[in-house]
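K.L.:
What follows is the file target16.cif, containing mmCIF, C-alpha atoms and all ligand atoms:
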```cif
data_coords
#
loop_
_atom_site.label_atom_id
_atom_site.label_comp_id
_atom_site.auth_asym_id
_atom_site.auth_seq_id
_atom_site.Cartn_x
_atom_site.Cartn_y
_atom_site.Cartn_z
CA MET A 15 62.26 -24.26 -58.32
CA GLY A 16 59.00 -23.49 -60.06
CA THR A 17 58.68 -26.76 -61.99
CA ARG A 18 55.11 -27.58 -63.01
CA VAL A 19 54.36 -31.09 -61.79
CA GLY A 20 51.47 -33.54 -61.88
CA VAL A 21 50.11 -36.01 -59.37
CA SER A 22 48.60 -39.35 -60.30
CA TRP A 23 46.27 -41.79 -58.56
CA MET A 24 49.22 -43.36 -56.70
CA GLY A 25 49.97 -41.15 -53.70
CA GLY A 26 52.77 -43.36 -52.40
CA VAL A 27 54.05 -46.85 -51.58
CA ASP A 28 55.81 -48.18 -48.47
CA GLY A 29 59.04 -49.08 -50.30
CA LYS A 30 59.50 -52.04 -47.92
CA CYS A 31 57.14 -54.83 -48.90
CA TRP A 32 58.12 -57.76 -51.14
CA TYR A 33 56.52 -56.14 -54.20
CA CYS A 34 58.26 -52.79 -53.71
CA GLN A 35 61.57 -54.60 -53.32
CA HIS A 36 60.99 -56.56 -56.51
CA ASN A 37 60.28 -53.66 -58.83
CA MET A 38 56.50 -54.10 -58.66
CA GLU A 39 55.50 -51.06 -56.62
CA ASN A 40 52.14 -51.01 -58.39
CA LEU A 41 51.28 -54.10 -56.30
CA CYS A 42 52.50 -52.60 -52.97
CA ASP A 43 50.80 -54.07 -49.89
CA SER A 44 50.37 -50.61 -48.30
CA PRO A 45 49.82 -48.01 -51.02
CA THR A 46 48.23 -44.60 -50.54
CA PHE A 47 45.94 -43.03 -53.14
CA THR A 48 45.53 -39.38 -54.08
CA GLY A 49 42.24 -37.92 -52.88
CA TYR A 50 41.25 -41.26 -51.37
CA THR A 51 43.63 -42.16 -48.55
CA VAL A 52 45.43 -38.80 -48.60
CA ASN A 53 43.83 -35.37 -48.81
CA GLY A 54 43.36 -33.71 -52.18
CA GLY A 55 41.40 -34.26 -55.37
CA TYR A 56 38.26 -32.17 -56.02
CA ALA A 57 40.04 -29.57 -53.89
CA GLU A 58 42.21 -26.48 -54.25
CA TYR A 59 45.12 -28.10 -52.42
CA ALA A 60 46.43 -31.65 -52.26
CA ALA A 61 48.89 -33.43 -49.96
CA VAL A 62 51.53 -35.12 -52.13
CA ARG A 63 54.84 -36.86 -51.59
CA ASN A 64 57.70 -35.14 -53.37
CA ASP A 65 58.89 -38.48 -54.78
CA PHE A 66 55.43 -39.10 -56.31
CA VAL A 67 55.14 -36.02 -58.52
CA PHE A 68 56.09 -35.89 -62.18
CA PRO A 69 57.39 -32.99 -64.28
CA LEU A 70 54.91 -32.24 -67.07
CA PRO A 71 55.52 -31.72 -70.82
CA SER A 72 55.63 -27.98 -71.46
CA ALA A 73 53.77 -28.22 -74.79
CA LEU A 74 50.43 -28.92 -73.08
CA ASP A 75 48.46 -26.49 -70.93
CA ASP A 76 46.96 -27.62 -67.60
CA LEU A 77 43.63 -28.56 -69.18
CA HIS A 78 45.20 -30.87 -71.75
CA VAL A 79 47.90 -32.35 -69.56
CA ALA A 80 45.51 -33.47 -66.78
CA PRO A 81 44.09 -36.56 -68.57
CA LEU A 82 47.60 -37.89 -69.12
CA LEU A 83 48.05 -38.40 -65.38
CA CYS A 84 45.24 -40.89 -64.86
CA ALA A 85 43.65 -42.21 -68.05
CA GLY A 86 46.92 -41.80 -69.93
CA ILE A 87 49.29 -43.59 -67.56
CA ILE A 88 46.95 -46.52 -66.91
CA GLY A 89 46.24 -46.95 -70.62
CA PHE A 90 49.98 -47.00 -71.26
CA ARG A 91 50.51 -49.58 -68.53
CA SER A 92 47.75 -51.70 -70.11
CA LEU A 93 49.64 -51.71 -73.41
CA ARG A 94 52.74 -52.85 -71.52
CA VAL A 95 50.87 -55.56 -69.62
CA ALA A 96 49.40 -56.78 -72.93
CA GLY A 97 52.99 -56.98 -74.22
CA VAL A 98 52.35 -54.84 -77.31
CA GLN A 99 55.23 -54.87 -79.80
CA PRO A 100 55.69 -52.35 -82.63
CA GLY A 101 53.64 -53.15 -85.72
CA GLU A 102 51.26 -55.57 -84.01
CA ARG A 103 47.50 -55.79 -84.45
CA VAL A 104 45.94 -54.39 -81.29
CA GLY A 105 42.26 -54.24 -80.34
CA LEU A 106 40.83 -51.69 -77.90
CA PHE A 107 37.43 -52.70 -76.52
CA GLY A 108 35.61 -49.60 -75.27
CA PHE A 109 36.75 -46.13 -76.28
CA GLY A 110 36.71 -43.66 -73.38
CA ALA A 111 39.42 -41.38 -71.98
CA SER A 112 42.05 -44.07 -71.55
CA ALA A 113 41.65 -45.70 -74.98
CA HIS A 114 41.66 -42.38 -76.85
CA LEU A 115 45.13 -41.71 -75.39
CA ALA A 116 46.39 -45.28 -75.89
CA ILE A 117 45.50 -45.09 -79.59
CA ALA A 118 48.01 -42.27 -80.10
CA VAL A 119 50.78 -44.35 -78.50
CA LEU A 120 49.85 -47.35 -80.68
CA ARG A 121 50.02 -45.20 -83.80
CA ALA A 122 53.46 -44.00 -82.81
CA TRP A 123 54.44 -47.68 -82.47
CA LYS A 124 53.06 -48.30 -85.99
CA CYS A 125 50.49 -50.78 -84.74
CA GLU A 126 47.29 -51.66 -86.62
CA ILE A 127 44.45 -50.53 -84.37
CA TYR A 128 41.02 -52.17 -84.15
CA ILE A 129 38.33 -50.48 -82.04
CA SER A 130 35.14 -52.01 -80.69
CA THR A 131 32.69 -49.68 -78.95
CA ARG A 132 28.93 -49.42 -78.66
CA VAL A 133 28.96 -45.60 -78.84
CA GLU A 134 28.66 -44.11 -82.35
CA SER A 135 30.45 -40.84 -81.47
CA HIS A 136 33.33 -42.88 -80.01
CA ARG A 137 33.56 -44.87 -83.26
CA GLN A 138 33.86 -41.59 -85.20
CA LEU A 139 36.58 -40.30 -82.87
CA ALA A 140 38.48 -43.62 -83.14
CA GLU A 141 38.36 -43.44 -86.92
CA SER A 142 39.60 -39.85 -86.94
CA LEU A 143 42.48 -40.89 -84.65
CA GLY A 144 43.66 -43.55 -87.07
CA ALA A 145 41.96 -46.86 -86.28
CA VAL A 146 42.07 -49.22 -89.28
CA TRP A 147 38.77 -50.82 -88.21
CA VAL A 148 35.92 -49.74 -85.94
CA GLY A 149 32.92 -51.81 -85.00
CA GLY A 150 30.10 -52.23 -82.52
CA GLU A 151 29.83 -54.67 -79.64
CA LYS A 152 28.59 -57.52 -81.81
CA ASP A 153 31.06 -57.01 -84.65
CA ARG A 154 34.35 -58.87 -84.96
CA PRO A 155 37.59 -57.50 -86.37
CA PRO A 156 38.32 -59.06 -89.79
CA VAL A 157 41.69 -60.45 -88.58
CA ASP A 158 42.99 -62.23 -85.47
CA LEU A 159 44.53 -59.79 -82.98
CA ASP A 160 47.96 -60.07 -81.33
CA ARG A 161 46.83 -58.10 -78.26
CA ALA A 162 43.68 -56.59 -76.85
CA VAL A 163 42.91 -54.18 -74.03
CA THR A 164 39.41 -54.01 -72.55
CA PHE A 165 38.19 -50.79 -70.93
CA ALA A 166 34.52 -51.55 -70.22
CA PRO A 167 33.73 -52.92 -66.72
CA SER A 168 32.13 -55.96 -68.33
CA GLY A 169 33.27 -59.59 -68.25
CA ASN A 170 31.39 -60.25 -71.50
CA VAL A 171 33.65 -57.73 -73.22
CA VAL A 172 36.73 -59.58 -71.90
CA VAL A 173 35.43 -62.83 -73.38
CA SER A 174 34.68 -61.13 -76.71
CA ALA A 175 38.20 -59.72 -76.78
CA LEU A 176 39.61 -63.16 -75.97
CA SER A 177 37.67 -64.65 -78.88
CA CYS A 178 39.43 -62.24 -81.27
CA LEU A 179 43.00 -63.28 -80.34
CA ARG A 180 45.48 -65.41 -82.23
CA LYS A 181 47.21 -68.23 -80.34
CA GLY A 182 49.62 -66.80 -77.77
CA GLY A 183 47.74 -63.48 -77.73
CA VAL A 184 47.02 -61.48 -74.58
CA VAL A 185 43.99 -59.59 -73.26
CA ALA A 186 44.81 -56.94 -70.63
CA ILE A 187 41.88 -55.71 -68.54
CA ASN A 188 42.20 -51.96 -67.92
CA ALA A 189 39.02 -51.75 -65.79
CA ILE A 190 39.39 -51.82 -61.98
CA HIS A 191 36.04 -53.56 -61.46
CA LEU A 192 34.23 -56.10 -63.62
CA ASP A 193 30.57 -56.97 -63.22
CA ARG A 194 31.45 -60.67 -63.29
CA MET A 195 33.57 -63.08 -65.28
CA PRO A 196 31.25 -65.31 -67.33
CA ALA A 197 31.99 -68.97 -68.03
CA PHE A 198 33.58 -69.54 -71.44
CA ASP A 199 34.85 -72.38 -73.59
CA TYR A 200 38.40 -73.09 -72.42
CA ASP A 201 39.32 -75.28 -75.40
CA LYS A 202 38.32 -72.68 -77.98
CA LEU A 203 39.16 -69.43 -76.23
CA LEU A 204 42.05 -69.86 -73.80
CA TRP A 205 43.94 -72.96 -74.91
CA GLY A 206 46.68 -72.13 -77.39
CA GLU A 207 48.51 -70.16 -74.68
CA ARG A 208 46.22 -67.19 -74.83
CA GLN A 209 46.31 -65.10 -71.65
CA ILE A 210 43.97 -62.86 -69.66
CA ARG A 211 45.77 -60.35 -67.43
CA SER A 212 44.53 -57.68 -65.04
CA VAL A 213 46.17 -54.25 -64.80
CA THR A 214 46.66 -52.91 -61.27
CA ASN A 215 47.68 -49.33 -60.48
CA MET A 216 50.97 -48.08 -61.95
CA THR A 217 54.63 -47.62 -61.21
CA ARG A 218 56.52 -44.36 -61.25
CA SER A 219 58.44 -45.58 -64.26
CA ASP A 220 55.16 -46.12 -66.13
CA ALA A 221 54.34 -42.48 -65.40
CA ARG A 222 57.73 -41.11 -66.40
CA ASP A 223 57.97 -43.25 -69.54
CA PHE A 224 54.45 -42.38 -70.65
CA LEU A 225 54.94 -38.64 -70.12
CA GLU A 226 58.13 -38.86 -72.14
CA VAL A 227 56.36 -40.71 -74.98
CA ALA A 228 53.49 -38.20 -74.81
CA ALA A 229 55.92 -35.28 -75.17
CA THR A 230 57.81 -36.96 -78.01
CA ILE A 231 54.72 -37.75 -80.08
CA GLY A 232 52.95 -34.47 -79.25
CA LEU A 233 49.99 -36.29 -77.72
CA ARG A 234 47.06 -33.92 -77.28
CA PRO A 235 43.95 -35.27 -75.53
CA LYS A 236 40.45 -34.32 -76.58
CA VAL A 237 38.93 -32.76 -73.46
CA THR A 238 35.62 -31.48 -72.17
CA ALA A 239 36.04 -29.09 -69.23
CA PHE A 240 33.62 -28.71 -66.32
CA PRO A 241 33.80 -26.20 -63.44
CA LEU A 242 34.03 -27.76 -59.97
CA SER A 243 30.42 -26.68 -59.29
CA GLN A 244 29.32 -29.12 -62.05
CA VAL A 245 31.35 -32.10 -60.89
CA ASN A 246 28.24 -34.27 -60.53
CA GLU A 247 27.23 -33.55 -64.12
CA ALA A 248 30.75 -34.48 -65.22
CA LEU A 249 30.65 -37.80 -63.37
CA MET A 250 27.22 -38.59 -64.80
CA ALA A 251 28.40 -37.79 -68.33
CA VAL A 252 31.36 -40.16 -67.92
CA LYS A 253 29.08 -42.86 -66.53
CA GLU A 254 26.74 -42.50 -69.50
CA ASP A 255 29.59 -42.57 -72.06
CA ALA A 256 28.50 -39.09 -73.14
CA ILE A 257 32.03 -37.63 -73.24
CA ASN A 258 34.20 -37.99 -76.32
CA GLY A 259 37.75 -38.16 -74.97
CA ALA A 260 38.40 -37.07 -71.36
CA ALA A 261 36.45 -34.95 -68.86
CA VAL A 262 38.46 -32.47 -66.80
CA ILE A 263 37.31 -30.57 -63.69
CA LEU A 264 38.65 -27.01 -63.46
CA LEU A 265 39.12 -25.33 -60.10
CA TYR A 266 39.83 -21.99 -61.71
CA LYS A 267 39.08 -20.24 -64.98
ZN ZN A 301 55.27 -51.82 -50.89
#
```
Would you mind giving the structure from this file in structure tokens?

P.N.:
Amino acid sequence: MGTRVGVSWMGGVDGKCWYCQHNMENLCDSPTFTGYTVNGGYAEYAAVRNDFVFPLPSALDDLHVAPLLCAGIIGFRSLRVAGVQPGERVGLFGFGASAHLAIAVLRAWKCEIYISTRVESHRQLAESLGAVWVGGEKDRPPVDLDRAVTFAPSGNVVVSALSCLRKGGVVAINAIHLDRMPAFDYDKLLWGERQIRSVTNMTRSDARDFLEVAATIGLRPKVTAFPLSQVNEALMAVKEDAINGAAVILLYK
């Protein structure tokens, strides 16, 4: 009774399809999505399934815990899909809400973190959060990377990330949509068992594991709060990369 819980993008899965039965519920054939196929989101009330809510770490207030449920979980899944191992060299391409949470997890795993972003204020934030190298879109990390995660909805960024990998390295694409996937030199960029992988939705174990890691490492997002009446301004600020960290909409003061 009285447990504070959070709801993520995944509103539910059917539990019956081949993917659900093979421990890949993120790929379910008939998923439901919070605020999209079920009511809730930008609203005072939301319809949620009791098996799709997650207890929240008590150390964070509502404002700071909210970004963990979307940007946080998907960033964490991206690190898993990229196959990040402790101590590896990991590049994050783009530095919005998701990457600024992933960087804290990578630090806890003692990884060397390389950040590429076109936004100067994002480069400063990345440096303050412990990146060993930060650069702009045209710059290249000084070493070959073991793993990379791309956050920008741009196929060119995926190819740049690919060009920074060692043999056997992996690029995981955190973005849901890409503008296009440009042609690239297979022999130079993909041969050598490099891989490009997409990241689709999340599983409940991603959510539980991430929230546990977040509580253990004392992860505290950098947030900018907007009242619901300014939701359009918030969306525009995210679109224009004007937010450092995560934007959160508050329904109450
Ligand atoms: Zn299913």

K.L.:
For a cutoff of 7 Å around the file-coordinate point (56.5, -36.0, -61.3), which residues qualify once you count all atoms listed in the file? I'd like the result as a list in words.

P.N.:
Val19, Gly20, Val21, Phe66, Val67, Phe68 and Pro69 of chain A

K.L.:
I want to know what sits within 10 Å of stretch 121-124 of chain A, based on only C-alpha atoms, with residues of the same chain fewer than 2 positions away left out; could you give that as a PyMOL selection string?

P.N.:
chain A and resi 98-103+116-119+126-127+143-145+227-228+230-231+233

K.L.:
Which is closest to A:Leu203 among A:Asn170, A:Gln35, A:Ser177, A:Thr131, if we use all atoms listed in the file?

P.N.:
A:Ser177

K.L.:
Within 12 Å of ligand ZN 301 (chain A), counting all atoms listed in the file, which protein or nucleic acid residues do you find, written as a PyMOL selection string?

P.N.:
chain A and resi 24+26-46+217

K.L.:
Find the distance between atom CA of A:Arg63 and atom CA of A:Asp220 and write it in Å to one decimal.

P.N.:
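Spanning atom CA of A:Arg63 to atom CA of A:Asp220 is a straight-line distance of 17.2 Å.
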
K.L.:
Atom CA of A:Met216 to atom CA of A:Ala73: how many Å, to one decimal?

P.N.:
23.8 Å

K.L.:
Using only C-alpha atoms, can you tell me which of A:Ile210, A:Ser135, A:Met195, A:Ala140 comes closest to A:Ile257?

P.N.:
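For A:Ile257, the nearest of the candidates is A:Ser135.
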
K.L.:
Would you pick out the contacts of A:Asn188 at 9 Å or less, using all atoms listed in the file, so that residues sharing its chain but fewer than 3 positions from it are not included, and give the list as a PDB file with C-alpha atoms, in the coordinates of the input?

P.N.:
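Okay, this is what ended up in selection-v4.pdb:
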```pdb
ATOM      1  CA  ILE A  88      46.950 -46.520 -66.910  1.00  0.00           C
ATOM      2  CA  GLY A  89      46.240 -46.950 -70.620  1.00  0.00           C
ATOM      3  CA  ARG A  91      50.510 -49.580 -68.530  1.00  0.00           C
ATOM      4  CA  SER A  92      47.750 -51.700 -70.110  1.00  0.00           C
ATOM      5  CA  SER A 112      42.050 -44.070 -71.550  1.00  0.00           C
ATOM      6  CA  VAL A 163      42.910 -54.180 -74.030  1.00  0.00           C
ATOM      7  CA  THR A 164      39.410 -54.010 -72.550  1.00  0.00           C
ATOM      8  CA  PHE A 165      38.190 -50.790 -70.930  1.00  0.00           C
ATOM      9  CA  ALA A 166      34.520 -51.550 -70.220  1.00  0.00           C
ATOM     10  CA  PRO A 167      33.730 -52.920 -66.720  1.00  0.00           C
ATOM     11  CA  SER A 212      44.530 -57.680 -65.040  1.00  0.00           C
ATOM     12  CA  VAL A 213      46.170 -54.250 -64.800  1.00  0.00           C
ATOM     13  CA  THR A 214      46.660 -52.910 -61.270  1.00  0.00           C
TER      14      THR A 214
END
```

K.L.:
Quick one: of A:Phe224, A:Phe198, A:Tyr128, A:Tyr50, who's nearest to A:Leu83, counting all atoms listed in the file?

P.N.:
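Counting all atoms listed in the file, the residue closest to A:Leu83 is A:Phe224.
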
K.L.:
Just checking: using all atoms listed in the file, which residue out of A:Asp199, A:Asp160, A:Glu134, A:Asp255 ends up closest to A:Val148?

P.N.:
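Smallest distance to A:Val148 is found for A:Glu134.
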
K.L.:
Provide the atom CA of A:Phe90 to atom CA of A:Asn53 distance in Å, to one decimal place.

P.N.:
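Separation of atom CA of A:Phe90 and atom CA of A:Asn53: 26.0 Å.
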
K.L.:
Which residue is closest to A:Ala229? Choose from A:Leu70, A:Ala80, A:Ala111, A:Ala189 and count all atoms listed in the file.

P.N.:
A:Leu70
